[in-house]
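Data block for target.json (JSON, C-alpha atoms and all ligand atoms):
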```json
[["chain", "number", "residue", "atom", "x", "y", "z"],
["A", 1, "MET", "CA", 13.99, -15.09, 0.60],
["A", 2, "PRO", "CA", 13.20, -18.09, 2.81],
["A", 3, "ALA", "CA", 15.66, -20.92, 2.87],
["A", 4, "ARG", "CA", 15.67, -23.79, 0.44],
["A", 5, "TRP", "CA", 12.98, -26.41, 0.71],
["A", 6, "GLU", "CA", 14.81, -29.61, 1.65],
["A", 7, "PRO", "CA", 12.46, -32.52, 2.10],
["A", 8, "SER", "CA", 13.62, -36.05, 2.83],
["A", 9, "ILE", "CA", 13.87, -37.89, -0.45],
["A", 10, "ARG", "CA", 12.90, -41.49, -1.12],
["A", 11, "ILE", "CA", 13.82, -43.05, -4.43],
["A", 12, "VAL", "CA", 11.80, -46.06, -5.52],
["A", 13, "ALA", "CA", 13.18, -48.08, -8.40],
["A", 14, "SER", "CA", 10.41, -49.56, -10.46],
["A", 15, "PRO", "CA", 11.08, -52.50, -12.77],
["A", 16, "ASN", "CA", 8.01, -51.56, -14.83],
["A", 17, "ARG", "CA", 9.26, -48.12, -15.61],
["A", 18, "ARG", "CA", 11.49, -47.75, -18.67],
["A", 19, "ARG", "CA", 12.30, -44.10, -19.11],
["A", 20, "THR", "CA", 10.09, -41.74, -17.19],
["A", 21, "VAL", "CA", 10.58, -40.36, -13.69],
["A", 22, "SER", "CA", 7.69, -39.26, -11.52],
["A", 23, "ALA", "CA", 7.68, -37.35, -8.25],
["A", 24, "ARG", "CA", 5.18, -36.61, -5.53],
["A", 25, "VAL", "CA", 5.18, -35.55, -1.90],
["A", 26, "VAL", "CA", 3.94, -38.18, 0.55],
["A", 27, "ASP", "CA", 3.72, -37.04, 4.19],
["A", 28, "GLY", "CA", 6.36, -34.44, 3.52],
["A", 29, "VAL", "CA", 8.75, -36.89, 1.87],
["A", 30, "LEU", "CA", 9.61, -36.31, -1.77],
["A", 31, "GLU", "CA", 9.12, -39.67, -3.40],
["A", 32, "LEU", "CA", 10.68, -40.33, -6.78],
["A", 33, "ARG", "CA", 9.87, -43.30, -8.98],
["A", 34, "VAL", "CA", 12.64, -44.11, -11.39],
["A", 35, "PRO", "CA", 13.37, -46.95, -13.82],
["A", 36, "ALA", "CA", 15.18, -49.80, -12.08],
["A", 37, "GLY", "CA", 18.11, -49.59, -14.50],
["A", 38, "MET", "CA", 18.85, -45.92, -13.87],
["A", 39, "PRO", "CA", 22.38, -45.30, -12.55],
["A", 40, "GLN", "CA", 22.85, -43.79, -9.09],
["A", 41, "ALA", "CA", 24.28, -40.48, -10.33],
["A", 42, "GLU", "CA", 21.36, -39.97, -12.65],
["A", 43, "ARG", "CA", 18.88, -40.71, -9.83],
["A", 44, "GLN", "CA", 20.49, -37.97, -7.74],
["A", 45, "GLU", "CA", 20.27, -35.51, -10.62],
["A", 46, "TRP", "CA", 16.59, -36.28, -11.01],
["A", 47, "ALA", "CA", 16.01, -35.93, -7.28],
["A", 48, "GLU", "CA", 17.45, -32.40, -7.32],
["A", 49, "ARG", "CA", 15.59, -31.46, -10.49],
["A", 50, "MET", "CA", 12.24, -32.62, -9.05],
["A", 51, "ARG", "CA", 12.95, -30.99, -5.69],
["A", 52, "ALA", "CA", 13.59, -27.64, -7.39],
["A", 53, "ARG", "CA", 10.53, -27.99, -9.58],
["A", 54, "LEU", "CA", 8.21, -28.75, -6.65],
["A", 55, "GLU", "CA", 9.77, -25.95, -4.61],
["A", 56, "ARG", "CA", 8.93, -23.44, -7.34],
["A", 57, "ARG", "CA", 5.38, -24.76, -7.49],
["A", 58, "LEU", "CA", 5.02, -24.57, -3.71],
["A", 59, "ARG", "CA", 6.20, -20.96, -3.62],
["A", 60, "ARG", "CA", 3.88, -19.88, -6.39],
["A", 61, "ALA", "CA", 0.88, -21.58, -4.83],
["A", 62, "ARG", "CA", 1.50, -20.13, -1.39],
["A", 63, "PRO", "CA", 2.54, -16.52, -1.37],
["A", 64, "THR", "CA", 4.44, -15.33, 1.67],
["A", 65, "ASP", "CA", 2.94, -12.68, 3.89],
["A", 66, "THR", "CA", 5.49, -9.95, 4.55],
["A", 67, "ARG", "CA", 4.42, -9.01, 8.06],
["A", 68, "LEU", "CA", 4.45, -12.60, 9.28],
["A", 69, "GLU", "CA", 7.66, -13.36, 7.47],
["A", 70, "GLU", "CA", 9.47, -10.41, 9.09],
["A", 71, "ARG", "CA", 8.19, -11.18, 12.58],
["A", 72, "ALA", "CA", 9.07, -14.85, 12.16],
["A", 73, "ARG", "CA", 12.61, -14.00, 11.12],
["A", 74, "ALA", "CA", 13.09, -11.79, 14.17],
["A", 75, "LEU", "CA", 11.67, -14.52, 16.45],
["A", 76, "ASN", "CA", 13.88, -17.11, 14.78],
["A", 77, "ARG", "CA", 16.95, -14.99, 15.57],
["A", 78, "ARG", "CA", 15.87, -14.18, 19.11],
["A", 79, "HIS", "CA", 14.59, -17.54, 20.32],
["A", 80, "PHE", "CA", 15.95, -20.21, 17.98],
["A", 81, "ASP", "CA", 19.47, -18.93, 17.26],
["A", 82, "GLY", "CA", 18.36, -18.34, 13.67],
["A", 83, "ARG", "CA", 18.56, -22.03, 12.87],
["A", 84, "LEU", "CA", 15.00, -22.62, 11.63],
["A", 85, "HIS", "CA", 14.13, -22.79, 7.95],
["A", 86, "TRP", "CA", 10.72, -22.69, 6.39],
["A", 87, "THR", "CA", 9.17, -22.63, 2.95],
["A", 88, "SER", "CA", 6.40, -20.14, 3.50],
["A", 89, "ILE", "CA", 4.52, -18.31, 6.23],
["A", 90, "ALA", "CA", 1.20, -16.68, 5.49],
["A", 91, "PHE", "CA", -2.22, -15.83, 6.79],
["A", 92, "ALA", "CA", -4.86, -18.31, 5.71],
["A", 93, "ASP", "CA", -8.58, -18.45, 5.90],
["A", 94, "GLN", "CA", -8.81, -21.17, 8.52],
["A", 95, "THR", "CA", -11.39, -20.78, 11.24],
["A", 96, "SER", "CA", -11.01, -23.77, 13.51],
["A", 97, "ARG", "CA", -7.37, -23.30, 14.44],
["A", 98, "TRP", "CA", -5.17, -20.30, 15.19],
["A", 99, "GLY", "CA", -2.26, -21.73, 13.30],
["A", 100, "SER", "CA", -0.84, -24.78, 11.64],
["A", 101, "CYS", "CA", 2.52, -26.07, 10.60],
["A", 102, "THR", "CA", 3.04, -28.65, 7.90],
["A", 103, "TYR", "CA", 6.14, -29.92, 9.55],
["A", 104, "ALA", "CA", 8.09, -31.60, 6.75],
["A", 105, "ALA", "CA", 7.10, -29.15, 4.00],
["A", 106, "GLY", "CA", 7.93, -26.17, 6.22],
["A", 107, "VAL", "CA", 4.63, -24.44, 5.51],
["A", 108, "ILE", "CA", 3.16, -22.32, 8.32],
["A", 109, "ARG", "CA", -0.33, -20.89, 8.26],
["A", 110, "ILE", "CA", -1.78, -18.40, 10.73],
["A", 111, "SER", "CA", -5.53, -17.85, 10.86],
["A", 112, "MET", "CA", -6.82, -14.57, 9.42],
["A", 113, "ARG", "CA", -8.59, -13.96, 12.70],
["A", 114, "ALA", "CA", -5.17, -13.69, 14.37],
["A", 115, "ALA", "CA", -4.38, -10.66, 12.22],
["A", 116, "GLY", "CA", -6.19, -8.44, 14.71],
["A", 117, "LEU", "CA", -4.44, -9.81, 17.80],
["A", 118, "PRO", "CA", -1.88, -7.76, 19.72],
["A", 119, "ASP", "CA", 1.65, -8.28, 18.40],
["A", 120, "TRP", "CA", 2.80, -10.12, 21.51],
["A", 121, "VAL", "CA", 0.00, -12.72, 21.11],
["A", 122, "LEU", "CA", 0.65, -13.07, 17.39],
["A", 123, "ASP", "CA", 4.31, -13.62, 18.24],
["A", 124, "TYR", "CA", 3.34, -16.47, 20.54],
["A", 125, "LEU", "CA", 1.36, -18.10, 17.71],
["A", 126, "LEU", "CA", 4.37, -17.75, 15.43],
["A", 127, "VAL", "CA", 6.78, -19.15, 18.02],
["A", 128, "HIS", "CA", 4.40, -22.08, 18.56],
["A", 129, "GLU", "CA", 4.28, -22.91, 14.85],
["A", 130, "LEU", "CA", 8.00, -22.24, 14.37],
["A", 131, "ALA", "CA", 8.78, -24.69, 17.18],
["A", 132, "HIS", "CA", 6.79, -27.31, 15.25],
["A", 133, "LEU", "CA", 9.42, -27.10, 12.51],
["A", 134, "GLU", "CA", 11.68, -28.92, 14.97],
["A", 135, "VAL", "CA", 9.21, -30.84, 17.12],
["A", 136, "PRO", "CA", 5.97, -31.96, 15.47],
["A", 137, "HIS", "CA", 4.22, -33.00, 18.70],
["A", 138, "HIS", "CA", 3.32, -31.22, 21.93],
["A", 139, "GLY", "CA", 5.68, -33.03, 24.30],
["A", 140, "PRO", "CA", 8.04, -31.53, 26.89],
["A", 141, "ASP", "CA", 10.71, -30.86, 24.22],
["A", 142, "PHE", "CA", 8.21, -28.81, 22.32],
["A", 143, "TRP", "CA", 7.13, -26.69, 25.28],
["A", 144, "ALA", "CA", 10.74, -26.16, 26.33],
["A", 145, "LEU", "CA", 11.28, -24.52, 22.93],
["A", 146, "VAL", "CA", 8.08, -22.47, 23.00],
["A", 147, "ASN", "CA", 8.74, -21.24, 26.53],
["A", 148, "ARG", "CA", 11.82, -19.43, 25.33],
["A", 149, "TYR", "CA", 9.30, -16.83, 24.33],
["A", 150, "PRO", "CA", 8.75, -15.20, 27.72],
["A", 151, "LEU", "CA", 5.08, -14.24, 27.17],
["A", 152, "THR", "CA", 3.97, -17.77, 26.26],
["A", 153, "GLU", "CA", 1.84, -18.42, 29.35],
["A", 154, "ARG", "CA", 0.15, -15.03, 29.17],
["A", 155, "ALA", "CA", -0.57, -15.39, 25.47],
["A", 156, "ARG", "CA", -2.08, -18.86, 25.95],
["A", 157, "GLY", "CA", -4.33, -17.45, 28.67],
["A", 158, "TYR", "CA", -5.30, -14.58, 26.41],
["A", 159, "LEU", "CA", -6.28, -16.92, 23.58],
["A", 160, "ILE", "CA", -8.19, -19.30, 25.85],
["A", 161, "ALA", "CA", -10.19, -16.36, 27.24],
["A", 162, "LEU", "CA", -10.88, -15.12, 23.73],
["A", 163, "ASP", "CA", -12.09, -18.54, 22.61],
["A", 164, "HIS", "CA", -14.40, -18.85, 25.62],
["A", 165, "GLN", "CA", -15.85, -15.43, 24.88],
["A", 166, "ALA", "CA", -16.50, -16.46, 21.31],
["A", 167, "GLY", "CA", -18.07, -19.74, 22.43],
["A", 168, "ARG", "CA", -15.24, -21.67, 20.87],
["A", 169, "ALA", "CA", -14.18, -23.41, 24.01],
["A", 170, "ASP", "CA", -13.54, -26.58, 22.07],
["A", 171, "SER", "CA", -11.03, -25.13, 19.61],
["A", 172, "ASP", "CA", -7.48, -26.28, 20.10],
["A", 173, "THR", "CA", -6.07, -22.85, 20.79],
["A", 174, "PRO", "CA", -3.08, -23.64, 22.95],
["A", 175, "GLU", "CA", -2.21, -26.78, 21.07],
["A", 176, "ASP", "CA", -2.33, -25.90, 17.43],
["A", 201, "ZN", "ZN", 0.89, -27.03, 18.05]]
```

Can you give me the file's structure in the form of structure tokens?
Ligand SMILES: [Zn+2]
Amino acid sequence: MPARWEPSIRIVASPNRRRTVSARVVDGVLELRVPAGMPQAERQEWAERMRARLERRLRRARPTDTRLEERARALNRRHFDGRLHWTSIAFADQTSRWGSCTYAAGVIRISMRAAGLPDWVLDYLLVHELAHLEVPHHGPDFWALVNRYPLTERARGYLIALDHQAGRADSDTPED
């Protein structure tokens, strides 16, 4: 089981609201709208209730792929001291990018076309997206994390060559 989904939570008190509470995710932040008169303790209860509800919905909507999940766990232990947490990791039918990470929601997607790659290249893609759980951008901090995987440079070269072969020189292989 992946770890708990723990988004940042923003509570907005609305003077127009009398009883109902609503919740939505905005840029990875769980935003709750509550009546202005609601006591603090009750706001916190609602925040947890809505978090749990959205987490269940997220898990149902995005099934976890076992192979990716197992590899990601091993990579997490080996290169990140096991400290990373995510909501779901799965193959997805995305053609323009090899992988993506919805940073705040902890959702990682790997392109279906990566399913046929050698394990060591797939592992690089996973390490890349896992590193995004901690660093959303591609700065030096990010690459310092990714380079803990010793085959990073070789895997990037492999993917660039593959993209050129396929005439996809413009896809953002090494970046996303
Ligand atoms: Zn990236």

Open item on the list: So that I can check the surroundings of Gln44 in chain A, please list as a PyMOL selection string every protein, DNA and RNA residue that reaches within 12 Å of it, counting all atoms listed in the file and ignoring chain neighbours fewer than 3 positions away.
Closed with: chain A and resi 9-11+21+32-34+38-41+47-51

Open item on the list: Rounded to one decimal, what separation in Å do you get between CA of Ser111 in chain A and CA of Ala52 in chain A?
Closed with: 28.2 Å

Task: Distance query range 143-155 of chain A at most 6 Å, all atoms listed in the file, self and fewer than 5 positions along chain excluded, as a list in words - done: Val121, Tyr124 and His128 of chain A

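In this comparison, which uses only C-alpha atoms and all ligand atoms, the residue of A:Gly82, A:Pro7, A:Gly28, A:Gly139 approaching ligand ZN 201 (chain A) most closely is A:Gly139.
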
I'd like a table as CSV: residues in chain A with an atom no more than 10 Å from ligand ZN 201 (chain A), each row giving the shortest atom pair and its distance in Å to one decimal, all atoms listed in the file counted, sorted by chain and rising residue number.
```
residue,atom,partner,partner_atom,distance
A:Arg97,CA,A:ZN201,ZN,9.8
A:Trp98,CA,A:ZN201,ZN,9.5
A:Gly99,CA,A:ZN201,ZN,7.8
A:Ser100,CA,A:ZN201,ZN,7.0
A:Cys101,CA,A:ZN201,ZN,7.7
A:Leu125,CA,A:ZN201,ZN,8.9
A:Val127,CA,A:ZN201,ZN,9.8
A:His128,CA,A:ZN201,ZN,6.1
A:Glu129,CA,A:ZN201,ZN,6.2
A:Leu130,CA,A:ZN201,ZN,9.3
A:Ala131,CA,A:ZN201,ZN,8.3
A:His132,CA,A:ZN201,ZN,6.5
A:Val135,CA,A:ZN201,ZN,9.2
A:Pro136,CA,A:ZN201,ZN,7.5
A:His137,CA,A:ZN201,ZN,6.9
A:His138,CA,A:ZN201,ZN,6.2
A:Gly139,CA,A:ZN201,ZN,9.9
A:Phe142,CA,A:ZN201,ZN,8.7
A:Trp143,CA,A:ZN201,ZN,9.6
A:Val146,CA,A:ZN201,ZN,9.8
A:Asp172,CA,A:ZN201,ZN,8.6
A:Thr173,CA,A:ZN201,ZN,8.6
A:Pro174,CA,A:ZN201,ZN,7.2
A:Glu175,CA,A:ZN201,ZN,4.3
A:Asp176,CA,A:ZN201,ZN,3.5
```

Open item on the list: Just want the 10 Å neighbourhood of Pro15 in chain A, counted on all atoms listed in the file, with same-chain residues fewer than 3 positions away dropped. Output as number ranges by chain.
Closed with: A: 12, 18, 34-37

5 Å per side around range 71-81 of chain A: axis-aligned box centre and edge lengths, as JSON:
```
{"center_x": 13.8, "center_y": -15.7, "center_z": 15.7, "size_x": 21.3, "size_y": 19.0, "size_z": 19.2}
```

Task: One-decimal distance in Å that lies between CA of Arg57 in chain A and CA of Arg43 in chain A - done: 21.0 Å

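Excluding Asp65 in chain A itself and same-chain residues fewer than 3 positions from it, the residues having an atom within 7 Å of it are Leu68, Glu69, Ile89, Ala90 and Phe91 of chain A, counting only C-alpha atoms.
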
Please complete range 84-96 of chain A so it has N, CA, C and O atoms, and hand it over as a short mmCIF file (atom, residue, chain, number, x, y, z; two decimals), in the coordinates of the input.
```cif
data_model
loop_
_atom_site.label_atom_id
_atom_site.label_comp_id
_atom_site.auth_asym_id
_atom_site.auth_seq_id
_atom_site.Cartn_x
_atom_site.Cartn_y
_atom_site.Cartn_z
N LEU A 84 16.18 -22.04 12.28
CA LEU A 84 15.00 -22.62 11.63
C LEU A 84 14.90 -22.20 10.17
O LEU A 84 15.30 -21.11 9.80
N HIS A 85 14.36 -23.09 9.37
CA HIS A 85 14.13 -22.79 7.95
C HIS A 85 12.69 -23.18 7.61
O HIS A 85 12.20 -24.18 8.10
N TRP A 86 12.07 -22.37 6.80
CA TRP A 86 10.72 -22.69 6.39
C TRP A 86 10.53 -22.36 4.92
O TRP A 86 11.36 -21.67 4.32
N THR A 87 9.45 -22.87 4.35
CA THR A 87 9.17 -22.63 2.95
C THR A 87 8.30 -21.40 2.78
O THR A 87 8.56 -20.54 1.95
N SER A 88 7.24 -21.32 3.59
CA SER A 88 6.40 -20.14 3.50
C SER A 88 5.60 -19.94 4.77
O SER A 88 5.25 -20.90 5.47
N ILE A 89 5.35 -18.68 5.08
CA ILE A 89 4.52 -18.31 6.23
C ILE A 89 3.49 -17.34 5.72
O ILE A 89 3.85 -16.36 5.05
N ALA A 90 2.23 -17.59 5.99
CA ALA A 90 1.20 -16.68 5.49
C ALA A 90 -0.07 -16.80 6.31
O ALA A 90 -0.30 -17.80 6.99
N PHE A 91 -0.88 -15.76 6.24
CA PHE A 91 -2.22 -15.83 6.79
C PHE A 91 -3.05 -16.72 5.90
O PHE A 91 -2.87 -16.74 4.67
N ALA A 92 -3.97 -17.47 6.51
CA ALA A 92 -4.86 -18.31 5.71
C ALA A 92 -6.25 -18.25 6.31
O ALA A 92 -6.42 -17.95 7.48
N ASP A 93 -7.21 -18.54 5.49
CA ASP A 93 -8.58 -18.45 5.90
C ASP A 93 -9.01 -19.72 6.61
O ASP A 93 -9.85 -20.46 6.14
N GLN A 94 -8.42 -19.98 7.77
CA GLN A 94 -8.81 -21.17 8.52
C GLN A 94 -9.49 -20.71 9.80
O GLN A 94 -9.02 -19.82 10.48
N THR A 95 -10.63 -21.29 10.10
CA THR A 95 -11.39 -20.78 11.24
C THR A 95 -11.26 -21.64 12.48
O THR A 95 -11.38 -21.15 13.59
N SER A 96 -10.98 -22.91 12.33
CA SER A 96 -11.01 -23.77 13.51
C SER A 96 -9.73 -23.70 14.33
O SER A 96 -9.74 -23.95 15.52
#
```
